[in-house]
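To be precise, the following lines are entry.cif, and they hold mmCIF, C-alpha atoms.
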```cif
data_input
loop_
_atom_site.label_atom_id
_atom_site.label_comp_id
_atom_site.auth_asym_id
_atom_site.auth_seq_id
_atom_site.Cartn_x
_atom_site.Cartn_y
_atom_site.Cartn_z
CA MET A 1 66.24 -4.46 -7.62
CA ASN A 2 68.70 -1.70 -8.56
CA ILE A 3 67.85 -2.04 -12.26
CA ARG A 4 64.11 -1.74 -11.50
CA VAL A 5 64.67 1.47 -9.43
CA LEU A 6 66.90 2.91 -12.16
CA THR A 7 64.27 2.15 -14.83
CA ILE A 8 61.49 3.80 -12.80
CA ALA A 9 63.71 6.84 -12.19
CA LEU A 10 64.45 7.21 -15.92
CA VAL A 11 60.79 6.83 -16.90
CA THR A 12 59.81 9.43 -14.31
CA LEU A 13 62.53 11.79 -15.54
CA PHE A 14 61.46 11.56 -19.19
CA THR A 15 57.76 11.83 -18.36
CA THR A 16 58.19 15.02 -16.33
CA SER A 17 60.50 16.52 -18.98
CA PHE A 18 57.91 16.07 -21.73
CA ALA A 19 55.06 17.34 -19.55
CA GLY A 20 56.95 20.56 -18.85
CA ASN A 21 57.65 21.17 -22.54
CA ALA A 22 54.02 20.69 -23.50
CA ASN A 23 52.97 23.62 -21.31
CA ALA A 24 55.92 25.82 -22.29
CA GLY A 25 54.44 26.65 -25.71
CA GLU A 26 51.06 27.78 -24.38
CA LYS A 27 50.30 31.52 -24.30
CA LYS A 28 48.96 33.24 -21.23
CA PRO A 29 45.26 33.91 -21.62
CA ALA A 30 44.36 37.55 -22.19
CA LEU A 31 43.19 39.70 -19.33
CA PRO A 32 39.38 39.53 -19.06
CA ALA A 33 38.52 43.15 -19.87
CA GLU A 34 35.86 44.64 -22.12
CA ILE A 35 35.61 48.06 -23.75
CA ARG A 36 32.47 49.37 -25.38
CA TYR A 37 31.48 52.63 -27.04
CA VAL A 38 28.84 54.41 -24.94
CA GLY A 39 28.16 57.47 -27.11
CA LYS A 40 29.12 61.13 -27.16
CA VAL A 41 29.07 63.79 -24.46
CA GLU A 42 29.67 67.35 -25.67
CA ASN A 43 30.88 65.92 -29.02
CA SER A 44 33.55 63.80 -27.28
CA PRO A 45 33.46 59.99 -27.52
CA VAL A 46 32.84 58.07 -24.29
CA PHE A 47 34.09 54.51 -23.75
CA GLU A 48 33.35 52.18 -20.86
CA LEU A 49 35.97 49.77 -19.51
CA ASN A 50 34.70 46.78 -17.53
CA ILE A 51 36.97 44.38 -15.67
CA PRO A 52 34.96 41.63 -13.98
CA SER A 53 35.57 40.66 -10.37
CA THR A 54 37.94 37.74 -9.80
CA GLY A 55 37.70 37.64 -6.01
CA VAL A 56 41.26 38.94 -5.63
CA LYS A 57 42.33 42.59 -5.47
CA ASP A 58 44.65 43.40 -8.37
CA ASP A 59 46.78 46.36 -9.45
CA TYR A 60 45.80 47.46 -12.99
CA VAL A 61 47.73 49.87 -15.20
CA ILE A 62 45.53 51.56 -17.81
CA SER A 63 46.91 53.68 -20.63
CA VAL A 64 45.14 55.31 -23.55
CA LYS A 65 47.24 56.36 -26.55
CA ASP A 66 46.55 57.93 -29.92
CA GLU A 67 47.83 56.68 -33.29
CA TYR A 68 51.09 58.63 -32.84
CA GLY A 69 51.89 57.04 -29.47
CA ASN A 70 50.95 60.12 -27.44
CA THR A 71 49.52 59.22 -24.06
CA LEU A 72 46.03 60.67 -23.68
CA HIS A 73 45.37 59.12 -20.26
CA ALA A 74 47.23 56.89 -17.79
CA GLU A 75 46.35 55.65 -14.33
CA ASN A 76 46.74 52.82 -11.83
CA ILE A 77 43.69 51.24 -10.21
CA LYS A 78 43.80 48.78 -7.31
CA ALA A 79 40.52 46.88 -7.23
CA ASP A 80 38.78 43.54 -7.49
CA GLY A 81 37.05 44.35 -10.76
CA PHE A 82 35.59 47.71 -11.73
CA THR A 83 33.75 49.72 -14.37
CA LYS A 84 35.07 53.10 -15.50
CA LYS A 85 34.05 55.54 -18.23
CA PHE A 86 36.52 57.54 -20.31
CA MET A 87 35.54 60.70 -22.17
CA LEU A 88 38.25 61.60 -24.68
CA ALA A 89 38.54 65.20 -25.82
CA LEU A 90 39.11 64.73 -29.55
CA GLU A 91 38.48 67.09 -32.42
CA ASP A 92 34.91 66.84 -33.69
CA ASN A 93 34.27 64.98 -36.95
CA THR A 94 37.82 63.70 -37.33
CA GLU A 95 38.99 60.16 -37.89
CA TYR A 96 41.03 58.73 -35.05
CA THR A 97 42.70 55.58 -33.81
CA ILE A 98 42.89 55.03 -30.07
CA GLN A 99 44.58 52.20 -28.16
CA PHE A 100 43.55 51.08 -24.68
CA VAL A 101 46.18 48.96 -22.93
CA ILE A 102 45.15 47.27 -19.69
CA HIS A 103 47.85 45.41 -17.74
CA SER A 104 47.58 43.44 -14.50
CA LYS A 105 50.68 43.73 -12.32
CA ASN A 106 49.72 40.68 -10.26
CA THR A 107 49.05 38.21 -13.08
CA LYS A 108 51.36 39.85 -15.68
CA ARG A 109 48.55 39.58 -18.26
CA SER A 110 47.59 42.37 -20.66
CA VAL A 111 45.00 43.18 -23.27
CA LEU A 112 45.13 45.74 -26.08
CA TYR A 113 42.05 47.27 -27.69
CA THR A 114 42.32 49.39 -30.83
CA ILE A 115 39.44 51.73 -31.65
CA ASN A 116 39.06 53.26 -35.10
CA ASN A 117 36.63 56.01 -36.00
CA ASN A 118 35.79 56.54 -39.64
CA THR A 119 33.53 59.43 -40.54
CA ARG A 120 31.57 59.19 -43.79
CA THR A 121 29.27 61.70 -45.38
CA THR A 122 26.50 60.25 -47.50
CA GLU A 123 24.63 62.28 -50.07
CA GLU A 124 21.52 60.87 -51.66
CA VAL A 125 20.00 62.29 -54.83
CA VAL A 126 16.56 61.09 -55.90
CA VAL A 127 15.08 61.83 -59.30
CA SER A 128 11.42 61.02 -59.74
CA LYS A 129 8.91 61.54 -62.56
CA ARG A 130 5.31 62.55 -61.94
#
```

Is it possible to give me this structure as structure tokens?
Amino acid sequence: MNIRVLTIALVTLFTTSFAGNANAGEKKPALPAEIRYVGKVENSPVFELNIPSTGVKDDYVISVKDEYGNTLHAENIKADGFTKKFMLALEDNTEYTIQFVIHSKNTKRSVLYTINNNTRTTEEVVVSKR
């Protein structure tokens, strides 16, 4: 009887040890947030951030940085999902790289969006014979 109990205990111990290690290597899923380009207002780009409702109020930290690490905008929002537009005052017709970082304090999940703007001028020359 004692050998049978000891065997069951060892099997249970090894089974739970392996089950814990299998989940240890998994990454946390990214925060469900979407950013899209809306257009321009007064020559400034406008982006829309959408965080869908999860049914639980969360505390979000949002920061917007340029390619040099300068913070262009930072705020905390407590909500159960929201939509917010950001108009960024950038120099007209310049190339830029912007990073949106959205972090949930409750779930400890984050997402990073990088936005690149490349301006190109196209010149077309047509020669035709009549």

For Glu34 (chain A), which residue among A:Lys85, A:Val56, A:Thr107, A:Tyr96 is the nearest when counting only C-alpha atoms?
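For Glu34 (chain A), the nearest of the given residues is A:Lys85.
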
Nearest to Val61 (chain A), restricted to only C-alpha atoms and choosing among A:Thr94, A:Val38, A:Leu88, A:His103, comes out as A:His103

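Comparing A:Gly69, A:Val64, A:Lys84, A:Val101 by their smallest distance to Leu49 (chain A), the closest is A:Lys84 (using only C-alpha atoms).
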
With the file shown as input, list the residues that the PyMOL selection byres ((chain A and resi 51) around 6) selects, as a VMD selection string.
chain A and resid 33 50 52 81 to 82

Selected residues, C-alpha atoms, written as a short mmCIF file (atom, residue, chain, number, x, y, z; two decimals), in the coordinates of the input, please.
```cif
data_model
loop_
_atom_site.label_atom_id
_atom_site.label_comp_id
_atom_site.auth_asym_id
_atom_site.auth_seq_id
_atom_site.Cartn_x
_atom_site.Cartn_y
_atom_site.Cartn_z
CA ALA A 33 38.52 43.15 -19.87
CA ASN A 50 34.70 46.78 -17.53
CA PRO A 52 34.96 41.63 -13.98
CA GLY A 81 37.05 44.35 -10.76
CA PHE A 82 35.59 47.71 -11.73
#
```

One number please: CA of Gly39 (chain A) to CA of Val111 (chain A), in Å, one decimal.
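Value for the CA of Gly39 (chain A)-CA of Val111 (chain A) distance: 22.4 Å.
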
Set up a box along x, y and z of the file covering all listed atoms of region 83-87 of chain A, add 3 Å on every one of the six sides, and write the centre and edge lengths in Å to one decimal, as AutoDock Vina command-line options.
```
--center_x 35.1 --center_y 55.2 --center_z -18.3 --size_x 8.8 --size_y 17.0 --size_z 13.8
```

I want to know what sits within 7 Å of Phe100 (chain A), based on only C-alpha atoms, with residues of the same chain fewer than 3 positions away left out; could you give that as a short mmCIF file (atom, residue, chain, number, x, y, z; two decimals) with C-alpha atoms, in the coordinates of the input?
```
data_model
loop_
_atom_site.label_atom_id
_atom_site.label_comp_id
_atom_site.auth_asym_id
_atom_site.auth_seq_id
_atom_site.Cartn_x
_atom_site.Cartn_y
_atom_site.Cartn_z
CA SER A 63 46.91 53.68 -20.63
CA VAL A 64 45.14 55.31 -23.55
CA LYS A 65 47.24 56.36 -26.55
CA LEU A 112 45.13 45.74 -26.08
CA TYR A 113 42.05 47.27 -27.69
CA THR A 114 42.32 49.39 -30.83
#
```

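Of note, CA of Ala89 (chain A) and CA of Arg120 (chain A) are spaced 20.2 Å apart.
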
Have a look at CA of Asp58 (chain A) and CA of Pro45 (chain A) and let me know their distance in Å, one decimal.
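Pair CA of Asp58 (chain A) / CA of Pro45 (chain A) returns 27.7 Å.
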
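If all atoms listed in the file are the atoms counted, then among A:Ile62, A:Ala74, A:Met87, A:Ala30 the closest residue to Ile102 (chain A) is A:Ile62.
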
Determine the nearest neighbour of Lys78 (chain A) from the options A:Glu95, A:Glu124, A:Asp59, A:Asp66, counting all atoms listed in the file.
A:Asp59

Shortest interatomic distance to Asn118 (chain A) - which of A:Thr97, A:Asn43, A:Tyr68, A:Asn76, counting all atoms listed in the file:
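Residue with the minimum atom-to-atom distance to Asn118 (chain A): A:Thr97.
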